[in-house]
Amino acid sequence: MKKKLDRIILKDVSFYAYHGVLPEEKKLGQTFLVSLELFLDLKQAGESDRLEDTVNYAEVYAALQNVMDGSAHDLLESLAEKIAAALLQGPVKGVSVEVKKPSPPIAAQLAYVAVKIKRGEVY
């Protein structure tokens, strides 16, 4: 039986970026919100109180920002996949990525549209 992994969570990190299918989305940009759950064993970090024994949140944010500010993606699905791939390394065994678009270009009253994916060991 596998041990359940611990989590580091970043919730609704805001970016102004240029992703979307429509040319206007790539030209004008819009706000995106990204939530992450990183699955890993945090026992050693909890006992040692040393940054070297965990994942540095600043480095996680930098990797996320690199994807969000990088090449434009048409689909939220593609953007989420790229984020997951960037974060699944080192002690991170699994990741859950949710990308929200609060102002999608559709004629509807809604809070947001989103894509949520899970990759690796996610419990």
# chains A, B, ... in the order shown; residues from 1 in each chain; ligands from 1

$ residues_around --residues "Tyr112 (chain A)" --least-positions-apart "5" --cutoff "7 Å" --atoms "only C-alpha atoms" --output "list in words"
Lys100, Lys101, Pro102 and Ser103 of chain A

$ select_by_dssp --residues "region 66-122 of chain A" --states "alpha helix (DSSP H)" --output "list in words"
Asn66, Val67, Met68, Leu76, Glu77, Ser78, Leu79, Ala80, Glu81, Lys82, Ile83, Ala84, Ala85, Ala86 and Leu87 of chain A

$ write_last_selection --atoms "N, CA and C atoms" --output "PDB file, in the first residue's frame"
ATOM      1  N   ASN A  66       7.080  31.422 -15.636  1.00  0.00           N
ATOM      2  CA  ASN A  66       7.770  31.161 -16.896  1.00  0.00           C
ATOM      3  C   ASN A  66       6.815  30.580 -17.943  1.00  0.00           C
ATOM      4  N   VAL A  67       5.947  29.668 -17.510  1.00  0.00           N
ATOM      5  CA  VAL A  67       4.967  29.080 -18.436  1.00  0.00           C
ATOM      6  C   VAL A  67       3.900  30.114 -18.804  1.00  0.00           C
ATOM      7  N   MET A  68       3.372  30.800 -17.810  1.00  0.00           N
ATOM      8  CA  MET A  68       2.287  31.762 -18.073  1.00  0.00           C
ATOM      9  C   MET A  68       2.744  32.912 -18.970  1.00  0.00           C
ATOM     10  N   LEU A  76      -6.768  26.019 -22.599  1.00  0.00           N
ATOM     11  CA  LEU A  76      -6.434  25.901 -21.185  1.00  0.00           C
ATOM     12  C   LEU A  76      -5.836  24.526 -20.901  1.00  0.00           C
ATOM     13  N   GLU A  77      -6.322  23.512 -21.613  1.00  0.00           N
ATOM     14  CA  GLU A  77      -5.814  22.155 -21.446  1.00  0.00           C
ATOM     15  C   GLU A  77      -4.305  22.094 -21.720  1.00  0.00           C
ATOM     16  N   SER A  78      -3.881  22.723 -22.779  1.00  0.00           N
ATOM     17  CA  SER A  78      -2.469  22.743 -23.158  1.00  0.00           C
ATOM     18  C   SER A  78      -1.638  23.533 -22.148  1.00  0.00           C
ATOM     19  N   LEU A  79      -2.177  24.639 -21.694  1.00  0.00           N
ATOM     20  CA  LEU A  79      -1.506  25.469 -20.697  1.00  0.00           C
ATOM     21  C   LEU A  79      -1.326  24.686 -19.388  1.00  0.00           C
ATOM     22  N   ALA A  80      -2.372  24.021 -18.935  1.00  0.00           N
ATOM     23  CA  ALA A  80      -2.306  23.227 -17.707  1.00  0.00           C
ATOM     24  C   ALA A  80      -1.287  22.096 -17.837  1.00  0.00           C
ATOM     25  N   GLU A  81      -1.246  21.455 -18.991  1.00  0.00           N
ATOM     26  CA  GLU A  81      -0.295  20.361 -19.225  1.00  0.00           C
ATOM     27  C   GLU A  81       1.143  20.869 -19.143  1.00  0.00           C
ATOM     28  N   LYS A  82       1.396  22.016 -19.717  1.00  0.00           N
ATOM     29  CA  LYS A  82       2.742  22.617 -19.696  1.00  0.00           C
ATOM     30  C   LYS A  82       3.148  22.975 -18.261  1.00  0.00           C
ATOM     31  N   ILE A  83       2.217  23.496 -17.485  1.00  0.00           N
ATOM     32  CA  ILE A  83       2.489  23.832 -16.082  1.00  0.00           C
ATOM     33  C   ILE A  83       2.824  22.561 -15.302  1.00  0.00           C
ATOM     34  N   ALA A  84       2.011  21.525 -15.475  1.00  0.00           N
ATOM     35  CA  ALA A  84       2.239  20.263 -14.768  1.00  0.00           C
ATOM     36  C   ALA A  84       3.627  19.708 -15.091  1.00  0.00           C
ATOM     37  N   ALA A  85       3.998  19.713 -16.349  1.00  0.00           N
ATOM     38  CA  ALA A  85       5.304  19.191 -16.759  1.00  0.00           C
ATOM     39  C   ALA A  85       6.444  19.988 -16.124  1.00  0.00           C
ATOM     40  N   ALA A  86       6.273  21.289 -15.996  1.00  0.00           N
ATOM     41  CA  ALA A  86       7.317  22.139 -15.408  1.00  0.00           C
ATOM     42  C   ALA A  86       7.494  21.878 -13.914  1.00  0.00           C
ATOM     43  N   LEU A  87       6.441  21.415 -13.248  1.00  0.00           N
ATOM     44  CA  LEU A  87       6.479  21.249 -11.796  1.00  0.00           C
ATOM     45  C   LEU A  87       6.756  19.822 -11.341  1.00  0.00           C
TER      46      LEU A  87
END

$ residues_around --residues "Thr31 (chain A)" --least-positions-apart "3" --cutoff "12 Å" --atoms "only C-alpha atoms" --output "count of residues only"
23

$ closest_atom_pairs --of "region 54-113 of chain A" --to "region 37-48 of chain A" --cutoff "6 Å" --atoms "only C-alpha atoms" --output "Markdown table"
| residue | atom | partner | partner_atom | distance |
| --- | --- | --- | --- | --- |
| A:Thr54 | CA | A:Ala45 | CA | 5.6 |
| A:Val92 | CA | A:Leu40 | CA | 5.0 |
| A:Lys93 | CA | A:Leu40 | CA | 5.5 |
| A:Gly94 | CA | A:Phe39 | CA | 4.8 |
| A:Val95 | CA | A:Leu38 | CA | 4.7 |
| A:Ser96 | CA | A:Glu37 | CA | 5.0 |

$ closest_residue --among "A:Ala63, A:Val115, A:Leu33, A:Ala107" --to "Leu88 (chain A)" --atoms "only C-alpha atoms"
A:Ala63

$ select_by_dssp --residues "region 68-106 of chain A" --states "strand (DSSP E)" --output "list in words"
Gly94, Val95, Ser96, Val97, Glu98, Val99, Lys100 and Lys101 of chain A

$ atom_distance --atom1 "CA of Ile117 (chain A)" --atom2 "CA of Gln30 (chain A)"
21.3 Å

$ decode --residues "region 12-96 of chain A" --atoms "C-alpha atoms" --output "PDB file, in the first residue's frame"
ATOM      1  CA  ASP A  12      -5.547  31.401  -7.289  1.00  0.00           C
ATOM      2  CA  VAL A  13      -2.210  32.863  -8.354  1.00  0.00           C
ATOM      3  CA  SER A  14      -3.118  35.732 -10.697  1.00  0.00           C
ATOM      4  CA  PHE A  15      -1.472  36.387 -14.065  1.00  0.00           C
ATOM      5  CA  TYR A  16      -2.244  38.741 -16.912  1.00  0.00           C
ATOM      6  CA  ALA A  17      -1.388  36.685 -19.977  1.00  0.00           C
ATOM      7  CA  TYR A  18      -2.102  36.215 -23.678  1.00  0.00           C
ATOM      8  CA  HIS A  19      -3.567  32.736 -24.093  1.00  0.00           C
ATOM      9  CA  GLY A  20      -6.732  31.793 -25.976  1.00  0.00           C
ATOM     10  CA  VAL A  21      -8.146  30.667 -29.296  1.00  0.00           C
ATOM     11  CA  LEU A  22      -9.311  34.077 -30.510  1.00  0.00           C
ATOM     12  CA  PRO A  23      -6.829  36.593 -31.971  1.00  0.00           C
ATOM     13  CA  GLU A  24      -8.174  39.252 -29.581  1.00  0.00           C
ATOM     14  CA  GLU A  25      -7.243  37.105 -26.584  1.00  0.00           C
ATOM     15  CA  LYS A  26      -3.665  36.845 -27.801  1.00  0.00           C
ATOM     16  CA  LYS A  27      -3.511  40.560 -28.582  1.00  0.00           C
ATOM     17  CA  LEU A  28      -5.337  42.111 -25.606  1.00  0.00           C
ATOM     18  CA  GLY A  29      -4.689  39.483 -22.958  1.00  0.00           C
ATOM     19  CA  GLN A  30      -6.726  38.758 -19.857  1.00  0.00           C
ATOM     20  CA  THR A  31      -6.492  37.596 -16.260  1.00  0.00           C
ATOM     21  CA  PHE A  32      -5.901  33.924 -15.447  1.00  0.00           C
ATOM     22  CA  LEU A  33      -5.978  32.306 -12.018  1.00  0.00           C
ATOM     23  CA  VAL A  34      -3.865  29.221 -11.383  1.00  0.00           C
ATOM     24  CA  SER A  35      -4.171  26.895  -8.391  1.00  0.00           C
ATOM     25  CA  LEU A  36      -1.622  24.186  -7.670  1.00  0.00           C
ATOM     26  CA  GLU A  37      -1.347  21.231  -5.361  1.00  0.00           C
ATOM     27  CA  LEU A  38       2.094  19.656  -5.225  1.00  0.00           C
ATOM     28  CA  PHE A  39       2.159  16.132  -3.795  1.00  0.00           C
ATOM     29  CA  LEU A  40       5.327  15.122  -1.948  1.00  0.00           C
ATOM     30  CA  ASP A  41       6.609  13.812   1.365  1.00  0.00           C
ATOM     31  CA  LEU A  42       7.003  16.737   3.794  1.00  0.00           C
ATOM     32  CA  LYS A  43       7.978  14.721   6.867  1.00  0.00           C
ATOM     33  CA  GLN A  44      11.700  15.489   6.698  1.00  0.00           C
ATOM     34  CA  ALA A  45      11.080  19.224   6.179  1.00  0.00           C
ATOM     35  CA  GLY A  46       8.631  19.240   9.075  1.00  0.00           C
ATOM     36  CA  GLU A  47      11.220  17.695  11.358  1.00  0.00           C
ATOM     37  CA  SER A  48      14.306  19.583  10.153  1.00  0.00           C
ATOM     38  CA  ASP A  49      12.777  23.049   9.486  1.00  0.00           C
ATOM     39  CA  ARG A  50      15.198  23.346   6.538  1.00  0.00           C
ATOM     40  CA  LEU A  51      14.246  24.775   3.146  1.00  0.00           C
ATOM     41  CA  GLU A  52      16.542  22.232   1.461  1.00  0.00           C
ATOM     42  CA  ASP A  53      14.192  19.448   2.610  1.00  0.00           C
ATOM     43  CA  THR A  54      11.130  20.783   0.789  1.00  0.00           C
ATOM     44  CA  VAL A  55      10.125  22.697  -2.331  1.00  0.00           C
ATOM     45  CA  ASN A  56      10.875  26.407  -2.403  1.00  0.00           C
ATOM     46  CA  TYR A  57       7.609  28.288  -3.078  1.00  0.00           C
ATOM     47  CA  ALA A  58       9.520  31.059  -4.857  1.00  0.00           C
ATOM     48  CA  GLU A  59      10.960  28.514  -7.303  1.00  0.00           C
ATOM     49  CA  VAL A  60       7.501  27.020  -7.875  1.00  0.00           C
ATOM     50  CA  TYR A  61       6.144  30.496  -8.625  1.00  0.00           C
ATOM     51  CA  ALA A  62       9.062  31.235 -10.977  1.00  0.00           C
ATOM     52  CA  ALA A  63       8.406  28.020 -12.943  1.00  0.00           C
ATOM     53  CA  LEU A  64       4.696  28.848 -13.113  1.00  0.00           C
ATOM     54  CA  GLN A  65       5.386  32.417 -14.206  1.00  0.00           C
ATOM     55  CA  ASN A  66       7.770  31.161 -16.896  1.00  0.00           C
ATOM     56  CA  VAL A  67       4.967  29.080 -18.436  1.00  0.00           C
ATOM     57  CA  MET A  68       2.287  31.762 -18.073  1.00  0.00           C
ATOM     58  CA  ASP A  69       4.518  34.451 -19.605  1.00  0.00           C
ATOM     59  CA  GLY A  70       5.932  32.101 -22.258  1.00  0.00           C
ATOM     60  CA  SER A  71       4.545  30.937 -25.568  1.00  0.00           C
ATOM     61  CA  ALA A  72       0.835  31.517 -26.103  1.00  0.00           C
ATOM     62  CA  HIS A  73      -1.467  28.500 -25.851  1.00  0.00           C
ATOM     63  CA  ASP A  74      -4.841  28.248 -27.550  1.00  0.00           C
ATOM     64  CA  LEU A  75      -6.329  25.879 -24.973  1.00  0.00           C
ATOM     65  CA  LEU A  76      -6.434  25.901 -21.185  1.00  0.00           C
ATOM     66  CA  GLU A  77      -5.814  22.155 -21.446  1.00  0.00           C
ATOM     67  CA  SER A  78      -2.469  22.743 -23.158  1.00  0.00           C
ATOM     68  CA  LEU A  79      -1.506  25.469 -20.697  1.00  0.00           C
ATOM     69  CA  ALA A  80      -2.306  23.227 -17.707  1.00  0.00           C
ATOM     70  CA  GLU A  81      -0.295  20.361 -19.225  1.00  0.00           C
ATOM     71  CA  LYS A  82       2.742  22.617 -19.696  1.00  0.00           C
ATOM     72  CA  ILE A  83       2.489  23.832 -16.082  1.00  0.00           C
ATOM     73  CA  ALA A  84       2.239  20.263 -14.768  1.00  0.00           C
ATOM     74  CA  ALA A  85       5.304  19.191 -16.759  1.00  0.00           C
ATOM     75  CA  ALA A  86       7.317  22.139 -15.408  1.00  0.00           C
ATOM     76  CA  LEU A  87       6.479  21.249 -11.796  1.00  0.00           C
ATOM     77  CA  LEU A  88       6.776  17.449 -11.850  1.00  0.00           C
ATOM     78  CA  GLN A  89      10.413  17.216 -10.866  1.00  0.00           C
ATOM     79  CA  GLY A  90      12.662  16.800  -7.850  1.00  0.00           C
ATOM     80  CA  PRO A  91      10.748  15.696  -4.756  1.00  0.00           C
ATOM     81  CA  VAL A  92       7.354  16.485  -6.348  1.00  0.00           C
ATOM     82  CA  LYS A  93       5.661  13.130  -7.041  1.00  0.00           C
ATOM     83  CA  GLY A  94       2.359  14.493  -8.352  1.00  0.00           C
ATOM     84  CA  VAL A  95       0.623  17.731  -9.210  1.00  0.00           C
ATOM     85  CA  SER A  96      -2.904  19.032  -9.580  1.00  0.00           C
TER      86      SER A  96
END
